[in-house]
Amino acid sequence: MKREPFGTVSGRPVERYTLANRNGIEVSAITYGGIITSITTPDREGRAGDIVLGFDTLDGYLGGHPYFGALVGRYGNRIANGRFTIDGREYRLAMNNGPHHLHGGLEGFDKKIWNVTAATNDRIDLAYVSVDGEEGYPGTLRVSVSYALTESNELRVEYGAITDKTTHVNLTQHTYFNLAAGGDVLGHELMIEAGHYTPVDATLIPTGEIAPVDGTPFDFRKPATIGARIDERHPQLLHGHGYDHNWVLNRGGLAARVREPRSGRTLEVHTTEPGMQLYTGNFLDGTLIGKGGLGYGRRSGFCLETQHYPDTPNQANFPSTLLPPGREYRSTTRFLFGVSK
């Protein structure tokens, strides 16, 4: 494990930790936002490449960006109209996505400096205390997240949280992947282990329906390229000009497999969560200058955000995200990196 300074925020130091295994895989994360700044893996020829979007310096992450690599909380994804009710009391949250609350609000977990509670050669443990009322949420929430890199080429992300008042919790990781280490992601072959998804309205809030993927561009039960149907004139795709939807995962732990044909790099995602959001970088437009001075164009990265469903606090038929005192929130997602012929 390598530890080094990565700048300061309001006089507080930010550090970068790099985990590496014997197979040529490296994962770097910073204490600001728990952001994964790089993941380097070999292609089928053994050539190393950075497969995630981000910035070379802290300044990029302090500017406006679409959650590159960040830990997201208290609630990943959207909550309609920035409000929910618990035990008859309405709570109003920060609205930072039109009329809605997105990814924890104006200063969510992605903009906090996390404390490192332990660091070893293959693992770092992060912690953050979200005080009662932060971004409108009830209860003081004590959060822990660990990143562990194994010799079997697995990045294991473990989440934990406890609260002193009943609240909603839905943590996720928002890394943008590009297994080709450049260009767009439309040629990536994707399989999603899900027979249903949650349609959204024009503001990307779930309608409450759990719809079958049969006969739609959302059917990735057999591998298909991300770009194969992304521009079809399906009403759900027109809402966000591409994929920005939650899939209802089948039970069994496997969420997705991805293969990039040119490099041979592969990615598997396994999770304890019931859902996964696929986002295809629809609103990247080249104005964000990332690593190496290159602009990130439209669909230059994809996210696989393991999570509970969006707007669950206002959708009675979705799996609950309520966390009462005395119960511990636990969630695990595993990213497995490999190569194919």
# chains A, B, ... in the order shown; residues from 1 in each chain; ligands from 1
call {"tool": "closest_atom_pairs", "arguments": {"of": "stretch 24-67 of chain A", "to": "stretch 302-314 of chain A", "cutoff": "12 Å", "atoms": "only C-alpha atoms", "output": "CSV"}}
result
residue,atom,partner,partner_atom,distance
A:Ile51,CA,A:Phe302,CA,10.7
A:Val52,CA,A:Phe302,CA,9.2
A:Leu53,CA,A:Phe302,CA,9.4
A:Pro66,CA,A:Cys303,CA,10.9
A:Tyr67,CA,A:Cys303,CA,10.3
call {"tool": "residues_around", "arguments": {"residues": "A:Thr163", "least_positions_apart": "5", "cutoff": "6 Å", "atoms": "only C-alpha atoms", "output": "ChimeraX atom specification"}}
result
/A:139-141,325
call {"tool": "write_last_selection", "arguments": {"atoms": "N, CA, C and O atoms", "output": "PDB file, in the first residue's frame"}}
result
ATOM      1  N   GLY A 139     -31.351  11.909  12.181  1.00  0.00           N
ATOM      2  CA  GLY A 139     -30.446  10.988  12.841  1.00  0.00           C
ATOM      3  C   GLY A 139     -28.981  11.230  12.538  1.00  0.00           C
ATOM      4  O   GLY A 139     -28.612  11.666  11.450  1.00  0.00           O
ATOM      5  N   THR A 140     -28.147  10.969  13.539  1.00  0.00           N
ATOM      6  CA  THR A 140     -26.703  10.942  13.334  1.00  0.00           C
ATOM      7  C   THR A 140     -26.334   9.561  12.817  1.00  0.00           C
ATOM      8  O   THR A 140     -26.610   8.552  13.470  1.00  0.00           O
ATOM      9  N   LEU A 141     -25.730   9.530  11.638  1.00  0.00           N
ATOM     10  CA  LEU A 141     -25.410   8.274  10.957  1.00  0.00           C
ATOM     11  C   LEU A 141     -23.898   8.087  10.960  1.00  0.00           C
ATOM     12  O   LEU A 141     -23.158   8.951  10.478  1.00  0.00           O
ATOM     13  N   PRO A 325     -32.724   2.681  14.698  1.00  0.00           N
ATOM     14  CA  PRO A 325     -31.667   2.477  15.693  1.00  0.00           C
ATOM     15  C   PRO A 325     -31.629   1.014  16.134  1.00  0.00           C
ATOM     16  O   PRO A 325     -32.646   0.332  16.185  1.00  0.00           O
TER      17      PRO A 325
END
call {"tool": "atom_distance", "arguments": {"atom1": "atom CA of A:Ile226", "atom2": "atom CA of A:Gly46"}}
result
25.0 Å
call {"tool": "residues_around", "arguments": {"residues": "A:Val248", "least_positions_apart": "6", "cutoff": "8 Å", "atoms": "only C-alpha atoms", "output": "list in words"}}
result
Ala194, Gly195, His196, Tyr197, Thr198, Ile210, Pro274, Gly275, Met276 and Tyr309 of chain A
call {"tool": "write_last_selection", "arguments": {"atoms": "N, CA and C atoms", "output": "PDB file, in the first residue's frame"}}
result
ATOM      1  N   ALA A 194     -30.954  -9.575 -14.840  1.00  0.00           N
ATOM      2  CA  ALA A 194     -32.216  -8.980 -14.401  1.00  0.00           C
ATOM      3  C   ALA A 194     -33.271  -9.147 -15.479  1.00  0.00           C
ATOM      4  N   GLY A 195     -34.469  -9.537 -15.072  1.00  0.00           N
ATOM      5  CA  GLY A 195     -35.590  -9.665 -15.987  1.00  0.00           C
ATOM      6  C   GLY A 195     -36.570  -8.510 -15.903  1.00  0.00           C
ATOM      7  N   HIS A 196     -36.311  -7.556 -14.986  1.00  0.00           N
ATOM      8  CA  HIS A 196     -37.198  -6.407 -14.816  1.00  0.00           C
ATOM      9  C   HIS A 196     -36.370  -5.151 -14.543  1.00  0.00           C
ATOM     10  N   TYR A 197     -37.007  -4.011 -14.778  1.00  0.00           N
ATOM     11  CA  TYR A 197     -36.389  -2.723 -14.459  1.00  0.00           C
ATOM     12  C   TYR A 197     -37.478  -1.790 -13.965  1.00  0.00           C
ATOM     13  N   THR A 198     -37.080  -0.605 -13.480  1.00  0.00           N
ATOM     14  CA  THR A 198     -38.054   0.353 -12.957  1.00  0.00           C
ATOM     15  C   THR A 198     -38.137   1.562 -13.895  1.00  0.00           C
ATOM     16  N   ILE A 210     -42.731  -2.008 -11.860  1.00  0.00           N
ATOM     17  CA  ILE A 210     -41.617  -2.924 -12.059  1.00  0.00           C
ATOM     18  C   ILE A 210     -41.928  -3.681 -13.342  1.00  0.00           C
ATOM     19  N   PRO A 274     -30.416  -5.202  -4.056  1.00  0.00           N
ATOM     20  CA  PRO A 274     -31.475  -5.696  -4.937  1.00  0.00           C
ATOM     21  C   PRO A 274     -31.524  -5.035  -6.300  1.00  0.00           C
ATOM     22  N   GLY A 275     -30.790  -3.927  -6.477  1.00  0.00           N
ATOM     23  CA  GLY A 275     -30.865  -3.195  -7.730  1.00  0.00           C
ATOM     24  C   GLY A 275     -29.504  -2.718  -8.204  1.00  0.00           C
ATOM     25  N   MET A 276     -29.475  -2.281  -9.457  1.00  0.00           N
ATOM     26  CA  MET A 276     -28.253  -1.707 -10.027  1.00  0.00           C
ATOM     27  C   MET A 276     -28.646  -0.682 -11.081  1.00  0.00           C
ATOM     28  N   TYR A 309     -33.594   0.616  -4.922  1.00  0.00           N
ATOM     29  CA  TYR A 309     -34.189   1.315  -6.063  1.00  0.00           C
ATOM     30  C   TYR A 309     -34.302   2.818  -5.781  1.00  0.00           C
TER      31      TYR A 309
END
call {"tool": "residues_around", "arguments": {"residues": "stretch 78-84 of chain A", "least_positions_apart": "2", "cutoff": "6 Å", "atoms": "only C-alpha atoms", "output": "ChimeraX atom specification"}}
result
/A:90-93,95,99-102,310-311,313
call {"tool": "closest_residue", "arguments": {"among": "A:Glu134, A:Ile30, A:Leu179, A:Ile192", "to": "A:Val116", "atoms": "only C-alpha atoms"}}
result
A:Ile30
call {"tool": "select_by_dssp", "arguments": {"residues": "stretch 39-121 of chain A", "states": "alpha helix (DSSP H)", "output": "PyMOL selection string"}}
result
chain A and resi 58-62
call {"tool": "residues_around", "arguments": {"residues": "A:Glu154", "least_positions_apart": "4", "cutoff": "9 Å", "atoms": "only C-alpha atoms", "output": "ChimeraX atom specification"}}
result
/A:148-150,334-337
call {"tool": "closest_residue", "arguments": {"among": "A:Pro42, A:Leu254, A:Arg89, A:Pro138", "to": "A:Arg22", "atoms": "only C-alpha atoms"}}
result
A:Pro42
call {"tool": "residues_around", "arguments": {"residues": "A:Ile39", "least_positions_apart": "5", "cutoff": "6 Å", "atoms": "only C-alpha atoms", "output": "list in words"}}
result
Glu26, Val27, Asp50 and Ile51 of chain A
call {"tool": "atom_distance", "arguments": {"atom1": "atom CA of A:Glu15", "atom2": "atom CA of A:Leu288"}}
result
23.1 Å
call {"tool": "closest_atom_pairs", "arguments": {"of": "stretch 136-229 of chain A", "to": "stretch 259-264 of chain A", "cutoff": "10 Å", "atoms": "only C-alpha atoms", "output": "tab-separated table"}}
result
residue	atom	partner	partner_atom	distance
A:Asn178	CA	A:Glu260	CA	8.6
A:Leu179	CA	A:Glu260	CA	5.9
A:Ala180	CA	A:Ser263	CA	5.9
A:Ala181	CA	A:Ser263	CA	8.8
A:Val185	CA	A:Glu260	CA	8.5
A:Leu186	CA	A:Glu260	CA	9.6
A:Gly187	CA	A:Glu260	CA	6.9
A:His188	CA	A:Glu260	CA	4.7
A:Glu189	CA	A:Arg259	CA	5.0
A:Leu190	CA	A:Arg259	CA	6.7
A:Met191	CA	A:Arg259	CA	9.0
A:Pro223	CA	A:Arg259	CA	9.1
A:Ala224	CA	A:Arg259	CA	9.9
A:Thr225	CA	A:Arg259	CA	9.1
call {"tool": "select_by_dssp", "arguments": {"residues": "stretch 26-227 of chain A", "states": "strand (DSSP E)", "output": "number ranges by chain"}}
result
A: 26-30, 36-42, 48-50, 70-72, 78-79, 83-86, 89-92, 101-102, 115-120, 123-130, 141-149, 154-163, 167-168, 172-174, 176-177, 189-192, 194-198, 211-212, 224-225
call {"tool": "write_last_selection", "arguments": {"atoms": "C-alpha atoms", "output": "PDB file, in the first residue's frame"}}
result
ATOM      1  CA  GLU A  26      -3.718  -1.077  -8.819  1.00  0.00           C
ATOM      2  CA  VAL A  27      -6.578   0.812  -7.179  1.00  0.00           C
ATOM      3  CA  SER A  28      -6.127   4.378  -5.915  1.00  0.00           C
ATOM      4  CA  ALA A  29      -8.606   6.234  -3.697  1.00  0.00           C
ATOM      5  CA  ILE A  30      -8.510   9.587  -1.923  1.00  0.00           C
ATOM      6  CA  ILE A  36     -11.605   6.028  -6.555  1.00  0.00           C
ATOM      7  CA  THR A  37      -9.282   8.066  -8.760  1.00  0.00           C
ATOM      8  CA  SER A  38      -7.815   5.231 -10.818  1.00  0.00           C
ATOM      9  CA  ILE A  39      -7.997   1.505 -11.432  1.00  0.00           C
ATOM     10  CA  THR A  40      -5.165   0.139 -13.537  1.00  0.00           C
ATOM     11  CA  THR A  41      -5.516  -3.326 -15.072  1.00  0.00           C
ATOM     12  CA  PRO A  42      -3.673  -5.195 -17.855  1.00  0.00           C
ATOM     13  CA  ALA A  48      -1.581  -1.649 -18.258  1.00  0.00           C
ATOM     14  CA  GLY A  49      -4.358   0.905 -18.657  1.00  0.00           C
ATOM     15  CA  ASP A  50      -6.415   3.110 -16.360  1.00  0.00           C
ATOM     16  CA  ALA A  70     -17.265   8.914  -5.493  1.00  0.00           C
ATOM     17  CA  LEU A  71     -18.867   7.294  -2.494  1.00  0.00           C
ATOM     18  CA  VAL A  72     -22.496   8.393  -2.586  1.00  0.00           C
ATOM     19  CA  ARG A  78     -33.080  10.332  -6.666  1.00  0.00           C
ATOM     20  CA  ILE A  79     -35.757  11.095  -4.084  1.00  0.00           C
ATOM     21  CA  ARG A  83     -39.017  14.828   0.731  1.00  0.00           C
ATOM     22  CA  PHE A  84     -40.228  11.734   2.540  1.00  0.00           C
ATOM     23  CA  THR A  85     -42.273  10.881   5.634  1.00  0.00           C
ATOM     24  CA  ILE A  86     -41.220   8.717   8.601  1.00  0.00           C
ATOM     25  CA  ARG A  89     -43.306  13.411  10.119  1.00  0.00           C
ATOM     26  CA  GLU A  90     -42.235  14.930   6.814  1.00  0.00           C
ATOM     27  CA  TYR A  91     -38.564  15.550   6.174  1.00  0.00           C
ATOM     28  CA  ARG A  92     -37.449  17.974   3.485  1.00  0.00           C
ATOM     29  CA  HIS A 101     -32.877  15.258  -4.326  1.00  0.00           C
ATOM     30  CA  LEU A 102     -29.921  13.419  -5.917  1.00  0.00           C
ATOM     31  CA  ASN A 115     -11.191   9.457   8.076  1.00  0.00           C
ATOM     32  CA  VAL A 116      -8.918   6.477   7.491  1.00  0.00           C
ATOM     33  CA  THR A 117      -9.389   4.137  10.446  1.00  0.00           C
ATOM     34  CA  ALA A 118      -7.075   1.385   9.199  1.00  0.00           C
ATOM     35  CA  ALA A 119      -4.793   0.777   6.235  1.00  0.00           C
ATOM     36  CA  THR A 120      -2.903  -2.358   5.260  1.00  0.00           C
ATOM     37  CA  ARG A 123      -7.195  -2.703   2.335  1.00  0.00           C
ATOM     38  CA  ILE A 124      -8.213   0.753   3.533  1.00  0.00           C
ATOM     39  CA  ASP A 125     -11.070   1.446   5.942  1.00  0.00           C
ATOM     40  CA  LEU A 126     -12.878   4.792   5.788  1.00  0.00           C
ATOM     41  CA  ALA A 127     -15.324   6.367   8.228  1.00  0.00           C
ATOM     42  CA  TYR A 128     -17.589   9.420   8.287  1.00  0.00           C
ATOM     43  CA  VAL A 129     -20.149  10.747  10.778  1.00  0.00           C
ATOM     44  CA  SER A 130     -23.169  12.429   9.204  1.00  0.00           C
ATOM     45  CA  LEU A 141     -25.410   8.274  10.957  1.00  0.00           C
ATOM     46  CA  ARG A 142     -22.029   6.635  11.518  1.00  0.00           C
ATOM     47  CA  VAL A 143     -20.767   5.216   8.228  1.00  0.00           C
ATOM     48  CA  SER A 144     -17.907   2.877   7.388  1.00  0.00           C
ATOM     49  CA  VAL A 145     -16.646   1.828   3.947  1.00  0.00           C
ATOM     50  CA  SER A 146     -13.724  -0.423   3.107  1.00  0.00           C
ATOM     51  CA  TYR A 147     -11.887  -0.999  -0.158  1.00  0.00           C
ATOM     52  CA  ALA A 148      -9.995  -4.293  -0.349  1.00  0.00           C
ATOM     53  CA  LEU A 149      -8.002  -5.602  -3.327  1.00  0.00           C
ATOM     54  CA  GLU A 154     -11.313  -8.560  -6.867  1.00  0.00           C
ATOM     55  CA  LEU A 155     -12.053  -5.110  -5.485  1.00  0.00           C
ATOM     56  CA  ARG A 156     -14.370  -5.670  -2.551  1.00  0.00           C
ATOM     57  CA  VAL A 157     -16.401  -2.685  -1.299  1.00  0.00           C
ATOM     58  CA  GLU A 158     -18.080  -3.161   2.081  1.00  0.00           C
ATOM     59  CA  TYR A 159     -20.483  -0.639   3.558  1.00  0.00           C
ATOM     60  CA  GLY A 160     -21.761  -0.328   7.120  1.00  0.00           C
ATOM     61  CA  ALA A 161     -23.855   2.223   9.022  1.00  0.00           C
ATOM     62  CA  ILE A 162     -25.704   2.731  12.298  1.00  0.00           C
ATOM     63  CA  THR A 163     -28.072   5.526  13.302  1.00  0.00           C
ATOM     64  CA  THR A 167     -33.593   7.310   8.677  1.00  0.00           C
ATOM     65  CA  HIS A 168     -33.163   6.257   5.051  1.00  0.00           C
ATOM     66  CA  THR A 172     -23.277   3.222  -3.500  1.00  0.00           C
ATOM     67  CA  GLN A 173     -20.076   3.715  -5.465  1.00  0.00           C
ATOM     68  CA  HIS A 174     -20.144   5.928  -8.565  1.00  0.00           C
ATOM     69  CA  TYR A 176     -17.264   5.520 -14.356  1.00  0.00           C
ATOM     70  CA  PHE A 177     -15.659   2.581 -16.164  1.00  0.00           C
ATOM     71  CA  GLU A 189     -20.521  -6.097 -24.351  1.00  0.00           C
ATOM     72  CA  LEU A 190     -22.848  -6.073 -21.344  1.00  0.00           C
ATOM     73  CA  MET A 191     -24.922  -8.708 -19.580  1.00  0.00           C
ATOM     74  CA  ILE A 192     -27.256  -7.751 -16.709  1.00  0.00           C
ATOM     75  CA  ALA A 194     -32.216  -8.980 -14.401  1.00  0.00           C
ATOM     76  CA  GLY A 195     -35.590  -9.665 -15.987  1.00  0.00           C
ATOM     77  CA  HIS A 196     -37.198  -6.407 -14.816  1.00  0.00           C
ATOM     78  CA  TYR A 197     -36.389  -2.723 -14.459  1.00  0.00           C
ATOM     79  CA  THR A 198     -38.054   0.353 -12.957  1.00  0.00           C
ATOM     80  CA  ALA A 211     -41.625  -3.732 -15.758  1.00  0.00           C
ATOM     81  CA  PRO A 212     -40.334  -6.756 -17.686  1.00  0.00           C
ATOM     82  CA  ALA A 224     -25.265  -7.137 -26.135  1.00  0.00           C
ATOM     83  CA  THR A 225     -23.172  -4.074 -26.773  1.00  0.00           C
TER      84      THR A 225
END
call {"tool": "atom_distance", "arguments": {"atom1": "atom CA of A:His241", "atom2": "atom CA of A:Leu278"}}
result
13.0 Å
call {"tool": "residues_around", "arguments": {"residues": "stretch 8-14 of chain A", "least_positions_apart": "6", "cutoff": "10 Å", "atoms": "only C-alpha atoms", "output": "list in words"}}
result
Ile30, Thr31, Tyr32, Gly33, Leu58, Asp59, Leu62, Lys111, Lys112, Ile113, Trp114 and Asn115 of chain A
call {"tool": "closest_residue", "arguments": {"among": "A:Asn170, A:Gln315, A:Thr207, A:Asn250", "to": "A:Ser331", "atoms": "only C-alpha atoms"}}
result
A:Asn170
